[in-house]
>>> print(open('input.csv').read())   # CSV, C-alpha atoms
chain,number,residue,atom,x,y,z
A,4,MET,CA,101.3,199.8,63.0
A,5,THR,CA,100.8,196.3,62.3
A,6,GLU,CA,101.1,194.0,65.3
A,7,THR,CA,101.7,190.2,65.3
A,8,ALA,CA,99.4,188.0,67.3
A,9,ASP,CA,100.9,187.0,70.6
A,10,ASP,CA,100.6,183.6,72.3
A,11,LEU,CA,97.4,184.5,73.9
A,12,SER,CA,95.5,185.3,70.7
A,13,ALA,CA,96.9,182.2,68.8
A,14,PRO,CA,94.5,179.1,68.7
A,15,LEU,CA,95.5,176.5,71.2
A,16,GLY,CA,97.7,173.6,70.0
A,17,GLN,CA,98.3,174.9,66.5
A,18,ASP,CA,101.9,175.7,67.0
A,19,LYS,CA,102.8,172.4,68.9
A,20,PRO,CA,104.5,169.6,67.0
A,21,ARG,CA,102.4,166.4,66.7
A,22,ARG,CA,103.6,163.4,68.6
A,23,LYS,CA,104.0,160.1,66.8
A,24,GLY,CA,101.3,157.5,67.9
A,25,ARG,CA,102.5,154.5,70.0
A,26,LEU,CA,102.3,150.9,68.7
A,27,ARG,CA,99.5,149.2,70.5
A,28,LEU,CA,99.1,145.3,70.6
A,29,PRO,CA,95.7,143.8,70.0
A,30,PHE,CA,95.9,142.0,73.4
A,31,THR,CA,97.0,142.7,77.0
A,32,ALA,CA,99.9,141.1,78.9
A,33,MET,CA,97.4,139.2,81.1
A,34,GLN,CA,95.8,137.8,78.0
A,35,LEU,CA,99.2,136.7,76.6
A,36,LEU,CA,100.0,135.0,79.9
A,37,ALA,CA,96.6,133.2,79.9
A,38,VAL,CA,97.2,131.9,76.4
A,39,LEU,CA,100.7,130.6,77.3
A,40,LEU,CA,99.3,128.8,80.3
A,41,LEU,CA,96.6,127.2,78.3
A,42,LEU,CA,99.1,126.0,75.7
A,43,PHE,CA,101.2,124.4,78.5
A,44,LEU,CA,98.1,122.6,80.0
A,45,VAL,CA,97.1,121.3,76.6
A,46,THR,CA,100.6,120.0,75.9
A,47,PHE,CA,100.7,118.3,79.4
A,48,ALA,CA,97.3,116.7,79.0
A,49,GLY,CA,98.1,115.4,75.5
A,50,PHE,CA,101.3,113.8,76.9
A,51,ALA,CA,99.5,112.2,79.7
A,52,ILE,CA,96.7,110.8,77.5
A,53,PHE,CA,98.7,109.6,74.5
A,54,ASN,CA,101.9,108.4,76.3
A,55,LYS,CA,101.3,104.7,77.2
A,56,ASP,CA,103.1,104.5,80.6
A,57,PRO,CA,101.1,102.3,83.0
A,58,LEU,CA,103.4,103.4,85.9
A,59,GLY,CA,103.1,107.1,85.1
A,60,GLY,CA,102.8,109.2,88.3
A,61,GLU,CA,103.7,106.3,90.6
A,62,PRO,CA,106.8,106.5,92.8
A,63,MET,CA,109.6,104.4,91.5
A,64,THR,CA,112.8,103.2,93.1
A,65,ARG,CA,115.7,101.6,91.3
A,66,ILE,CA,117.6,99.0,93.2
A,67,ALA,CA,120.9,97.6,91.9
A,68,ILE,CA,121.2,93.9,92.9
A,69,ARG,CA,124.7,92.6,92.3
A,70,GLU,CA,125.5,88.9,92.4
A,71,PRO,CA,128.3,88.1,94.8
A,72,LYS,CA,131.6,87.2,93.3
A,73,ALA,CA,132.8,83.7,93.5
A,74,THR,CA,135.1,83.1,96.4
A,75,ASP,CA,136.2,79.6,95.7
A,76,GLU,CA,139.3,80.5,93.7
A,77,LYS,CA,142.4,78.3,94.2
A,78,PRO,CA,145.0,79.7,96.5
A,79,VAL,CA,148.0,81.3,94.8
A,80,ALA,CA,151.5,80.0,95.0
A,81,SER,CA,153.7,80.8,98.0
A,82,GLY,CA,155.8,83.2,95.9
A,83,HIS,CA,152.8,85.6,95.8
A,84,ALA,CA,152.2,85.6,99.6
A,85,GLY,CA,152.3,89.4,99.6
A,86,GLU,CA,149.6,89.6,97.0
A,87,SER,CA,147.6,87.0,98.9
A,88,ARG,CA,147.7,89.0,102.0
A,89,GLN,CA,146.6,92.1,100.2
A,90,GLU,CA,143.7,90.3,98.6
A,91,GLY,CA,142.8,88.9,102.0
A,92,LYS,CA,142.6,92.4,103.4
A,93,HIS,CA,140.5,93.5,100.5
A,94,GLU,CA,138.1,90.6,101.0
A,95,THR,CA,137.9,91.4,104.7
A,96,LYS,CA,136.8,94.9,103.9
A,97,GLU,CA,134.3,93.9,101.3
A,98,ALA,CA,132.7,91.1,103.4
A,99,PRO,CA,130.6,93.4,105.7
A,100,LYS,CA,128.8,94.8,102.6
A,101,GLN,CA,127.2,91.5,101.9
A,102,ALA,CA,124.1,90.8,104.1
A,103,ALA,CA,123.9,87.6,106.1
A,104,PRO,CA,121.8,84.8,104.5
A,105,GLY,CA,118.9,85.5,106.9
A,106,GLU,CA,118.8,89.2,106.1
A,107,GLN,CA,116.5,89.0,103.2
A,108,LYS,CA,113.6,91.3,102.5
A,109,THR,CA,110.4,90.7,100.5
A,110,VAL,CA,109.4,93.7,98.3
A,111,THR,CA,105.9,93.8,96.9
A,112,MET,CA,105.8,95.4,93.4
A,113,ILE,CA,102.5,96.6,92.1
A,114,ASP,CA,101.7,96.8,88.4
A,115,GLY,CA,100.1,100.2,87.9
A,116,SER,CA,98.0,99.1,84.9
A,117,THR,CA,96.6,95.8,86.3
A,118,GLY,CA,97.0,96.2,90.0
A,119,ALA,CA,98.8,92.8,90.1
A,120,ARG,CA,101.1,92.3,93.1
A,121,HIS,CA,104.4,90.5,92.7
A,122,ASP,CA,106.5,89.5,95.8
A,123,VAL,CA,110.2,89.8,95.1
A,124,VAL,CA,112.6,88.5,97.7
A,125,ILE,CA,115.9,90.4,97.7
A,126,GLY,CA,118.6,88.3,99.3
A,127,ALA,CA,122.2,89.1,99.8
A,128,GLY,CA,125.0,86.6,99.4
A,129,GLU,CA,122.9,83.8,98.0
A,130,ALA,CA,121.4,83.1,94.6
A,131,THR,CA,117.6,83.3,94.6
A,132,ASP,CA,115.2,80.8,93.1
A,133,LYS,CA,113.3,82.2,90.1
A,134,GLY,CA,110.0,83.5,91.3
A,135,GLY,CA,110.3,82.1,94.8
A,136,ALA,CA,111.5,83.0,98.2
A,137,ALA,CA,115.3,83.0,98.5
A,138,SER,CA,115.7,82.2,102.2
A,139,ALA,CA,117.4,78.9,103.1
A,140,PRO,CA,115.0,76.2,104.1
A,141,PRO,CA,114.4,76.1,107.8
A,142,PRO,CA,116.0,73.2,109.6
A,143,VAL,CA,113.9,70.3,110.7
A,144,MET,CA,112.8,70.7,114.3
A,145,ALA,CA,113.6,68.1,117.0
A,146,GLY,CA,111.1,65.4,117.7
A,147,ILE,CA,109.7,65.4,114.2
A,148,ASP,CA,109.0,62.1,112.5
A,149,PRO,CA,110.8,62.2,109.1
A,150,LYS,CA,108.1,59.9,107.7
A,151,LEU,CA,105.6,62.8,108.0
A,152,LEU,CA,107.7,65.1,105.9
A,153,GLU,CA,108.2,65.6,102.2
A,154,LYS,CA,110.5,68.1,100.4
A,155,SER,CA,109.1,71.1,98.6
A,156,ARG,CA,111.1,73.9,96.9
A,157,TYR,CA,110.8,75.9,100.1
A,158,GLY,CA,111.7,73.2,102.6
A,159,MET,CA,110.0,70.3,104.4
A,160,ILE,CA,106.2,70.2,104.6
A,161,PRO,CA,103.8,67.8,106.3
A,162,VAL,CA,102.5,64.7,104.6
A,163,VAL,CA,100.5,61.5,105.4
A,164,ALA,CA,102.5,58.3,105.9
A,165,GLY,CA,100.3,55.2,105.8
A,166,ASP,CA,97.9,55.4,108.7
A,167,MET,CA,100.0,58.2,110.4
A,168,LYS,CA,98.7,61.7,110.1
A,169,PRO,CA,100.3,64.9,111.5
A,170,PHE,CA,97.0,65.8,113.3
A,171,ASN,CA,97.1,62.5,115.3
A,172,VAL,CA,100.8,62.3,115.9
A,173,TYR,CA,101.4,65.9,117.0
A,174,ALA,CA,98.2,66.3,119.1
A,175,ALA,CA,98.9,66.9,122.7
A,176,ASP,CA,98.2,64.2,125.2
A,177,ALA,CA,94.8,64.4,127.0
A,178,ASP,CA,92.4,62.2,128.9
A,179,ARG,CA,89.9,61.9,126.1
A,180,ALA,CA,87.7,59.4,127.9
A,181,LYS,CA,87.2,61.9,130.7
A,182,ALA,CA,86.7,64.7,128.2
A,183,ALA,CA,83.9,62.7,126.6
A,184,LYS,CA,81.9,62.7,129.9
A,185,MET,CA,82.2,66.3,131.0
A,186,PRO,CA,82.2,69.9,129.7
A,187,VAL,CA,85.5,70.9,128.1
A,188,VAL,CA,87.1,74.2,127.2
A,189,ALA,CA,90.0,74.8,124.8
A,190,ILE,CA,92.0,78.0,124.5
A,191,VAL,CA,94.1,79.0,121.5
A,192,ILE,CA,96.7,81.8,121.9
A,193,GLY,CA,97.6,83.2,118.5
A,194,GLY,CA,100.1,85.6,116.9
A,195,LEU,CA,103.1,83.8,118.4
A,196,GLY,CA,106.5,83.6,116.8
A,197,VAL,CA,106.9,87.3,116.2
A,198,GLY,CA,108.3,88.6,119.5
A,199,ALA,CA,110.3,86.1,121.4
A,200,ALA,CA,109.5,87.7,124.8
A,201,LYS,CA,105.7,87.4,124.5
A,202,THR,CA,106.0,84.0,122.9
A,203,THR,CA,108.2,82.7,125.7
A,204,ASP,CA,105.7,84.1,128.3
A,205,ALA,CA,102.9,82.2,126.7
A,206,ILE,CA,104.9,79.0,126.5
A,207,MET,CA,106.2,79.1,130.1
A,208,LYS,CA,103.3,80.7,132.0
A,209,LEU,CA,100.3,78.9,130.5
A,210,PRO,CA,99.4,75.3,131.2
A,211,PRO,CA,100.4,72.7,128.6
A,212,ALA,CA,96.7,72.1,127.7
A,213,VAL,CA,96.6,75.6,126.1
A,214,THR,CA,97.2,75.4,122.4
A,215,LEU,CA,99.6,77.8,120.8
A,216,ALA,CA,99.2,79.1,117.2
A,217,PHE,CA,102.3,80.4,115.5
A,218,THR,CA,102.6,82.8,112.5
A,219,PRO,CA,105.2,81.9,109.8
A,220,TYR,CA,107.0,85.2,110.4
A,221,GLY,CA,109.7,86.2,112.9
A,222,SER,CA,113.5,85.6,112.9
A,223,ASP,CA,113.2,82.0,113.9
A,224,PRO,CA,109.6,80.9,114.6
A,225,GLY,CA,110.6,77.2,114.3
A,226,LYS,CA,112.9,77.5,117.3
A,227,LEU,CA,110.1,79.0,119.4
A,228,ALA,CA,107.7,76.3,118.2
A,229,GLU,CA,110.2,73.7,119.1
A,230,ARG,CA,110.4,75.1,122.6
A,231,ALA,CA,106.6,75.1,122.9
A,232,ARG,CA,106.4,71.4,122.0
A,233,ALA,CA,109.1,70.7,124.5
A,234,GLN,CA,106.8,72.2,127.2
A,235,HIS,CA,104.0,69.8,125.9
A,236,HIS,CA,101.9,72.5,124.2
A,237,GLU,CA,100.4,71.4,120.9
A,238,ILE,CA,100.9,73.9,118.1
A,239,PHE,CA,98.9,75.1,115.1
A,240,LEU,CA,100.2,77.1,112.1
A,241,GLN,CA,98.5,80.4,111.3
A,242,ILE,CA,98.1,81.0,107.5
A,243,PRO,CA,97.9,84.7,106.6
A,244,MET,CA,94.8,85.3,104.5
A,245,GLU,CA,93.3,88.3,102.9
A,246,PRO,CA,91.0,90.6,105.1
A,247,TYR,CA,88.3,92.8,103.6
A,248,ASP,CA,90.4,96.0,104.0
A,249,PHE,CA,93.5,94.6,102.3
A,250,PRO,CA,96.0,96.1,101.5
A,251,ASP,CA,95.4,98.8,104.1
A,252,ASN,CA,95.4,95.9,106.6
A,253,ASP,CA,98.1,93.6,105.4
A,254,PRO,CA,98.8,90.3,107.2
A,255,GLY,CA,102.3,90.0,105.8
A,256,PRO,CA,104.4,88.5,103.0
A,257,GLN,CA,103.0,85.6,101.0
A,258,THR,CA,99.4,86.3,102.1
A,259,LEU,CA,96.8,84.1,100.4
A,260,LEU,CA,94.6,86.4,98.2
A,261,THR,CA,91.3,86.0,96.4
A,262,SER,CA,92.8,87.7,93.4
A,263,LEU,CA,95.4,85.0,92.8
A,264,SER,CA,95.0,81.7,91.0
A,265,THR,CA,94.7,78.4,92.9
A,266,ASP,CA,98.3,77.5,91.8
A,267,GLN,CA,99.6,80.8,93.1
A,268,ASN,CA,97.9,80.5,96.5
A,269,MET,CA,99.0,76.9,96.7
A,270,ASP,CA,102.6,77.9,96.2
A,271,ARG,CA,102.3,80.5,98.9
A,272,LEU,CA,100.7,77.9,101.2
A,273,TYR,CA,103.7,75.6,100.7
A,274,TRP,CA,106.0,78.5,101.7
A,275,HIS,CA,104.0,78.9,105.0
A,276,LEU,CA,104.0,75.1,105.6
A,277,SER,CA,107.8,75.0,105.3
A,278,ARG,CA,108.5,77.6,108.0
A,279,MET,CA,108.2,75.0,110.9
A,280,GLN,CA,107.1,71.5,111.6
A,281,GLY,CA,105.2,69.6,114.3
A,282,TYR,CA,101.9,71.4,114.0
A,283,ALA,CA,98.7,69.4,114.2
A,284,GLY,CA,96.7,71.7,112.0
A,285,LEU,CA,96.2,75.1,110.3
A,286,THR,CA,94.2,78.1,111.3
A,287,ASN,CA,93.5,81.4,109.6
A,288,PHE,CA,95.5,84.6,110.4
A,289,MET,CA,93.1,87.4,109.7
A,290,GLY,CA,91.5,86.6,106.4
A,291,ALA,CA,87.8,87.5,106.7
A,292,ARG,CA,87.5,88.0,102.9
A,293,PHE,CA,89.5,84.9,101.9
A,294,ILE,CA,87.8,82.5,104.3
A,295,ALA,CA,84.4,83.6,103.1
A,296,THR,CA,85.3,83.1,99.4
A,297,GLU,CA,84.5,79.5,98.4
A,298,PRO,CA,86.6,79.3,95.2
A,299,ALA,CA,89.7,80.5,97.0
A,300,MET,CA,89.2,78.7,100.3
A,301,GLN,CA,88.1,75.2,99.1
A,302,PRO,CA,91.5,74.2,97.6
A,303,ILE,CA,93.2,75.2,100.9
A,304,ILE,CA,90.9,73.0,103.0
A,305,ARG,CA,91.4,70.1,100.5
A,306,GLU,CA,95.2,70.5,100.7
A,307,ALA,CA,95.1,70.5,104.5
A,308,ALA,CA,93.0,67.4,104.6
A,309,LYS,CA,95.2,65.6,102.0
A,310,ARG,CA,98.2,66.3,104.2
A,311,GLY,CA,96.5,64.9,107.4
A,312,LEU,CA,96.1,68.3,109.1
A,313,GLY,CA,93.1,69.7,111.0
A,314,PHE,CA,91.7,73.2,110.4
A,315,PHE,CA,90.6,75.7,113.1
A,316,ASP,CA,88.5,78.7,112.1
A,317,ASP,CA,89.1,81.4,114.7
A,318,GLY,CA,85.5,82.6,114.3
A,319,SER,CA,86.2,86.1,113.2
A,320,SER,CA,84.3,85.9,109.9
A,321,PRO,CA,80.5,85.0,110.3
A,322,ARG,CA,80.5,84.3,106.5
A,323,SER,CA,83.2,81.7,106.7
A,324,ILE,CA,82.7,78.7,104.4
A,325,ALA,CA,85.4,76.6,106.3
A,326,PRO,CA,82.8,74.5,108.3
A,327,GLN,CA,81.1,73.2,105.2
A,328,ALA,CA,84.4,72.7,103.3
A,329,ALA,CA,85.9,70.8,106.2
A,330,ALA,CA,82.8,68.7,106.6
A,331,ASN,CA,83.0,67.7,102.9
A,332,GLN,CA,86.5,66.5,103.5
A,333,ALA,CA,85.6,64.6,106.7
A,334,MET,CA,88.6,66.3,108.4
A,335,PRO,CA,89.1,67.4,112.0
A,336,PHE,CA,87.6,70.9,112.4
A,337,GLY,CA,87.0,73.4,115.1
A,338,LYS,CA,85.7,77.0,115.4
A,339,GLY,CA,86.3,79.7,117.9
A,340,ASP,CA,83.3,80.7,120.0
A,341,ILE,CA,84.6,83.7,122.0
A,342,ALA,CA,87.4,86.1,121.5
A,343,ILE,CA,88.7,86.6,125.0
A,344,ASP,CA,90.7,89.8,124.9
A,345,VAL,CA,88.9,91.9,122.3
A,346,VAL,CA,88.9,94.5,125.1
A,347,PRO,CA,92.3,93.9,126.8
A,348,THR,CA,91.4,94.8,130.4
A,349,PRO,CA,91.3,92.4,133.4
A,350,THR,CA,87.6,93.1,133.9
A,351,GLU,CA,86.6,92.4,130.3
A,352,ILE,CA,88.8,89.4,130.0
A,353,ASP,CA,87.3,87.8,133.1
A,354,ARG,CA,83.9,88.5,131.8
A,355,ALA,CA,84.7,86.8,128.5
A,356,LEU,CA,86.2,83.8,130.4
A,357,ASN,CA,83.0,83.4,132.4
A,358,LYS,CA,81.0,83.5,129.2
A,359,LEU,CA,83.3,80.8,127.8
A,360,GLU,CA,82.7,78.7,130.8
A,361,ALA,CA,78.9,79.1,130.6
A,362,THR,CA,79.0,78.1,126.9
A,363,ALA,CA,80.9,74.9,127.8
A,364,ARG,CA,78.3,74.0,130.3
A,365,GLU,CA,75.5,74.6,127.8
A,366,ARG,CA,77.0,72.9,124.8
A,367,GLY,CA,79.6,70.6,126.2
A,368,ILE,CA,82.4,72.2,124.3
A,369,ALA,CA,83.7,75.8,124.1
A,370,VAL,CA,86.8,77.3,122.4
A,371,GLY,CA,88.2,80.6,123.2
A,372,THR,CA,90.8,82.6,121.3
A,373,ALA,CA,93.3,85.2,122.6
A,374,SER,CA,96.5,87.0,121.9
A,375,ALA,CA,99.7,86.8,123.9
A,376,LEU,CA,99.2,90.1,125.7
A,377,PRO,CA,100.6,90.1,129.3
A,378,VAL,CA,97.2,90.9,130.8
A,379,SER,CA,95.6,88.0,128.7
A,380,ILE,CA,98.2,85.5,129.8
A,381,GLU,CA,97.9,86.6,133.5
A,382,ARG,CA,94.1,86.4,133.6
A,383,ILE,CA,93.9,83.1,131.6
A,384,GLY,CA,96.5,81.5,133.7
A,385,ALA,CA,94.7,82.4,136.9
A,386,TRP,CA,91.3,81.3,135.5
A,387,THR,CA,92.6,77.8,134.5
A,388,LYS,CA,93.9,77.0,137.9
A,389,THR,CA,90.4,76.6,139.4
A,390,LEU,CA,88.6,75.5,136.3
A,391,GLY,CA,88.6,71.8,137.2
A,392,ASP,CA,87.1,72.6,140.6
A,393,ARG,CA,84.1,74.0,138.8
A,394,GLY,CA,83.6,70.8,136.9
A,395,ILE,CA,85.1,71.9,133.5
A,396,LEU,CA,88.1,70.2,131.9
A,397,LEU,CA,90.7,72.3,130.1
A,398,VAL,CA,91.8,70.3,127.0
A,399,PRO,CA,94.0,70.9,123.9
A,400,LEU,CA,92.3,72.1,120.8
A,401,THR,CA,92.7,68.7,119.1
A,402,THR,CA,90.7,67.0,121.9
A,403,ALA,CA,87.9,69.6,121.5
A,404,MET,CA,87.9,69.1,117.8
A,405,LEU,CA,87.7,65.3,118.1
A,406,LYS,CA,84.9,65.6,120.7
A,407,SER,CA,83.0,67.9,118.4
A,408,LYS,CA,83.4,65.6,115.5
A,409,SER,CA,82.1,62.6,117.4
A,410,SER,CA,79.1,64.4,119.0
>>> encode(input="input.csv", output="structure tokens")
Amino acid sequence: MTETADDLSAPLGQDKPRRKGRLRLPFTAMQLLAVLLLLFLVTFAGFAIFNKDPLGGEPMTRIAIREPKATDEKPVASGHAGESRQEGKHETKEAPKQAAPGEQKTVTMIDGSTGARHDVVIGAGEATDKGGAASAPPPVMAGIDPKLLEKSRYGMIPVVAGDMKPFNVYAADADRAKAAKMPVVAIVIGGLGVGAAKTTDAIMKLPPAVTLAFTPYGSDPGKLAERARAQHHEIFLQIPMEPYDFPDNDPGPQTLLTSLSTDQNMDRLYWHLSRMQGYAGLTNFMGARFIATEPAMQPIIREAAKRGLGFFDDGSSPRSIAPQAAANQAMPFGKGDIAIDVVPTPTEIDRALNKLEATARERGIAVGTASALPVSIERIGAWTKTLGDRGILLVPLTTAMLKSKSS
């Protein structure tokens, strides 16, 4: 009997149907993902390289500045009284949207390709002057001789009138004959005008012989300067100048910069000069880089001399070229010897004042600088009360400058 082979005797796999082979790609999913990512990066890099956009990557803000509508329309006839009342209500609602004339802001715009900085004053409710500050010119202060003023596009600025110079006219009264025979000390309090409270403290709590230096900033520095002059303080105007770490350390709008042309810096100087009147001279506000850069600083010194002003170097920059520049112009000049409140504690301020006193005894003249910190005002005020008993005369800065020039 013939038997058929069973499953056990049959060769393995011969009776099973063959499976169809799967379609396999020549690359893996991870390789595909890497290629797509590489294509994306190449496209992005090409766009960044060949697209000429100097401001690419910098934050941008778009501001819509609308000119105010004219409000000088003729009144309508009485027959339209109802419409007039409705328009009046509409105008009343719209008025708060317009900022007051004084509420203007300076926005510094930076060109991403060149690094050039452009100050744009955004004002509300008033037309702005092309390329200039839009704020209304400050009013002329009381007690100012109009002969010593001339008009600029920003307001009134000092000028020489015959034999009259602002330095001589606005210098505080002092016994200069006595000052010529004994050691003298002058103290300059700077940073005033910003912060009415601290400025008022300096004006009212310090003796009139202390000179006060005002920045051009603040809501109304001219009013505070006017009050200082009423209390018989002489005043100086601080001009913001470029420090070495600018713009990380920025003195404020319209700062004089070494990167600007002489004409641009002169235009900014005129803006500062117009913020108030009655100052006997100028002094630097910060500005270690600017005051040490001869091409930038020389024109400022010449302009100050031409306008009959003195110049005070606060002594913060050992590389300052101001002494030589002022000597070339034969103008009144002074330089700070000791910063009184570098460490604003009573003990350190007293130590600095004692050093200032010793300098005056040694050289005949010493000038100290300080800010309007409460502790500084308190310690300086107490120190000056007994200074005369120790044989030293407290004098305004202008008197010290004139004594230094004559010696």
>>> closest_residue(input="input.csv", among="A:Met404, A:Gly194, A:Val378, A:Lys226", to="Pro142 in chain A", atoms="only C-alpha atoms")
A:Lys226
>>> residues_around(input="input.csv", residues="Glu229 in chain A", least_positions_apart="6", cutoff="12 Å", atoms="only C-alpha atoms", output="ChimeraX atom specification")
/A:142-147,173,196,202-203,206,215,217,223,235-238,278-282
>>> closest_residue(input="input.csv", among="A:Ser320, A:Glu153, A:Leu263, A:Thr214", to="Ala189 in chain A", atoms="all atoms listed in the file")
A:Thr214
>>> atom_distance(input="input.csv", atom1="CA of Asp166 in chain A", atom2="CA of Val188 in chain A")
28.5 Å
>>> atom_distance(input="input.csv", atom1="CA of Leu356 in chain A", atom2="CA of Ile343 in chain A")
6.6 Å
>>> residues_around(input="input.csv", residues="Ala330 in chain A", least_positions_apart="5", cutoff="12 Å", atoms="only C-alpha atoms", output="count of residues only")
13
>>> residues_around(input="input.csv", residues="Asp317 in chain A", least_positions_apart="4", cutoff="8 Å", atoms="only C-alpha atoms", output="VMD selection string")
chain A and resid 286 to 287 338 to 340 372
>>> write_last_selection(input="input.csv", atoms="C-alpha atoms", output="compact mmCIF listing (two decimals), in the frame of the given file")
# COMPACT_ATOMS: atom_id res chain seq x y z
CA THR A 286 94.20 78.10 111.30
CA ASN A 287 93.50 81.40 109.60
CA LYS A 338 85.70 77.00 115.40
CA GLY A 339 86.30 79.70 117.90
CA ASP A 340 83.30 80.70 120.00
CA THR A 372 90.80 82.60 121.30
>>> closest_residue(input="input.csv", among="A:Ala342, A:Phe293, A:Gly284, A:Gly158", to="Glu306 in chain A", atoms="all atoms listed in the file")
A:Gly284
>>> closest_residue(input="input.csv", among="A:Thr218, A:Ala212, A:Gly165, A:Val346", to="Gly255 in chain A", atoms="all atoms listed in the file")
A:Thr218
>>> residues_around(input="input.csv", residues="range 395-402 of chain A", least_positions_apart="5", cutoff="7 Å", atoms="only C-alpha atoms", output="ChimeraX atom specification")
/A:174-175,177,179,182,185-190,212-214,390
>>> atom_distance(input="input.csv", atom1="CA of Leu312 in chain A", atom2="CA of Lys150 in chain A")
14.7 Å
>>> residues_near_point(input="input.csv", point="(80.8, 82.8, 107.3)", cutoff="12 Å", atoms="all atoms listed in the file", output="short mmCIF file (atom, residue, chain, number, x, y, z; two decimals) with C-alpha atoms, in the coordinates of the input")
data_model
loop_
_atom_site.label_atom_id
_atom_site.label_comp_id
_atom_site.auth_asym_id
_atom_site.auth_seq_id
_atom_site.Cartn_x
_atom_site.Cartn_y
_atom_site.Cartn_z
CA GLY A 290 91.50 86.60 106.40
CA ALA A 291 87.80 87.50 106.70
CA ARG A 292 87.50 88.00 102.90
CA PHE A 293 89.50 84.90 101.90
CA ILE A 294 87.80 82.50 104.30
CA ALA A 295 84.40 83.60 103.10
CA THR A 296 85.30 83.10 99.40
CA GLU A 297 84.50 79.50 98.40
CA MET A 300 89.20 78.70 100.30
CA ASP A 316 88.50 78.70 112.10
CA ASP A 317 89.10 81.40 114.70
CA GLY A 318 85.50 82.60 114.30
CA SER A 319 86.20 86.10 113.20
CA SER A 320 84.30 85.90 109.90
CA PRO A 321 80.50 85.00 110.30
CA ARG A 322 80.50 84.30 106.50
CA SER A 323 83.20 81.70 106.70
CA ILE A 324 82.70 78.70 104.40
CA ALA A 325 85.40 76.60 106.30
CA PRO A 326 82.80 74.50 108.30
CA GLN A 327 81.10 73.20 105.20
CA ALA A 328 84.40 72.70 103.30
CA LYS A 338 85.70 77.00 115.40
#
>>> decode(input="input.csv", residues="range 300-310 of chain A", atoms="N, CA, C and O atoms", output="PDB file, in the first residue's frame")
ATOM      1  N   MET A 300      35.187 119.328  22.006  1.00  0.00           N
ATOM      2  CA  MET A 300      35.069 120.256  23.142  1.00  0.00           C
ATOM      3  C   MET A 300      35.473 121.682  22.791  1.00  0.00           C
ATOM      4  O   MET A 300      34.886 122.646  23.307  1.00  0.00           O
ATOM      5  N   GLN A 301      36.460 121.847  21.925  1.00  0.00           N
ATOM      6  CA  GLN A 301      36.943 123.193  21.600  1.00  0.00           C
ATOM      7  C   GLN A 301      35.824 124.133  21.120  1.00  0.00           C
ATOM      8  O   GLN A 301      35.739 125.274  21.584  1.00  0.00           O
ATOM      9  N   PRO A 302      34.962 123.709  20.184  1.00  0.00           N
ATOM     10  CA  PRO A 302      33.906 124.623  19.728  1.00  0.00           C
ATOM     11  C   PRO A 302      32.943 125.029  20.850  1.00  0.00           C
ATOM     12  O   PRO A 302      32.421 126.152  20.839  1.00  0.00           O
ATOM     13  N   ILE A 303      32.716 124.145  21.815  1.00  0.00           N
ATOM     14  CA  ILE A 303      31.812 124.479  22.919  1.00  0.00           C
ATOM     15  C   ILE A 303      32.422 125.560  23.798  1.00  0.00           C
ATOM     16  O   ILE A 303      31.751 126.515  24.212  1.00  0.00           O
ATOM     17  N   ILE A 304      33.722 125.432  24.078  1.00  0.00           N
ATOM     18  CA  ILE A 304      34.418 126.440  24.879  1.00  0.00           C
ATOM     19  C   ILE A 304      34.429 127.786  24.146  1.00  0.00           C
ATOM     20  O   ILE A 304      34.194 128.846  24.751  1.00  0.00           O
ATOM     21  N   ARG A 305      34.693 127.751  22.852  1.00  0.00           N
ATOM     22  CA  ARG A 305      34.705 129.001  22.078  1.00  0.00           C
ATOM     23  C   ARG A 305      33.346 129.676  22.093  1.00  0.00           C
ATOM     24  O   ARG A 305      33.254 130.901  22.226  1.00  0.00           O
ATOM     25  N   GLU A 306      32.286 128.879  21.961  1.00  0.00           N
ATOM     26  CA  GLU A 306      30.941 129.453  21.954  1.00  0.00           C
ATOM     27  C   GLU A 306      30.603 130.053  23.306  1.00  0.00           C
ATOM     28  O   GLU A 306      29.992 131.129  23.392  1.00  0.00           O
ATOM     29  N   ALA A 307      30.991 129.377  24.382  1.00  0.00           N
ATOM     30  CA  ALA A 307      30.737 129.912  25.728  1.00  0.00           C
ATOM     31  C   ALA A 307      31.477 131.232  25.931  1.00  0.00           C
ATOM     32  O   ALA A 307      30.920 132.202  26.486  1.00  0.00           O
ATOM     33  N   ALA A 308      32.726 131.294  25.480  1.00  0.00           N
ATOM     34  CA  ALA A 308      33.505 132.532  25.608  1.00  0.00           C
ATOM     35  C   ALA A 308      32.882 133.657  24.777  1.00  0.00           C
ATOM     36  O   ALA A 308      32.802 134.811  25.223  1.00  0.00           O
ATOM     37  N   LYS A 309      32.444 133.330  23.573  1.00  0.00           N
ATOM     38  CA  LYS A 309      31.839 134.334  22.699  1.00  0.00           C
ATOM     39  C   LYS A 309      30.580 134.931  23.311  1.00  0.00           C
ATOM     40  O   LYS A 309      30.267 136.103  23.099  1.00  0.00           O
ATOM     41  N   ARG A 310      29.881 134.131  24.098  1.00  0.00           N
ATOM     42  CA  ARG A 310      28.630 134.592  24.706  1.00  0.00           C
ATOM     43  C   ARG A 310      28.823 135.161  26.116  1.00  0.00           C
ATOM     44  O   ARG A 310      27.862 135.393  26.834  1.00  0.00           O
TER      45      ARG A 310
END
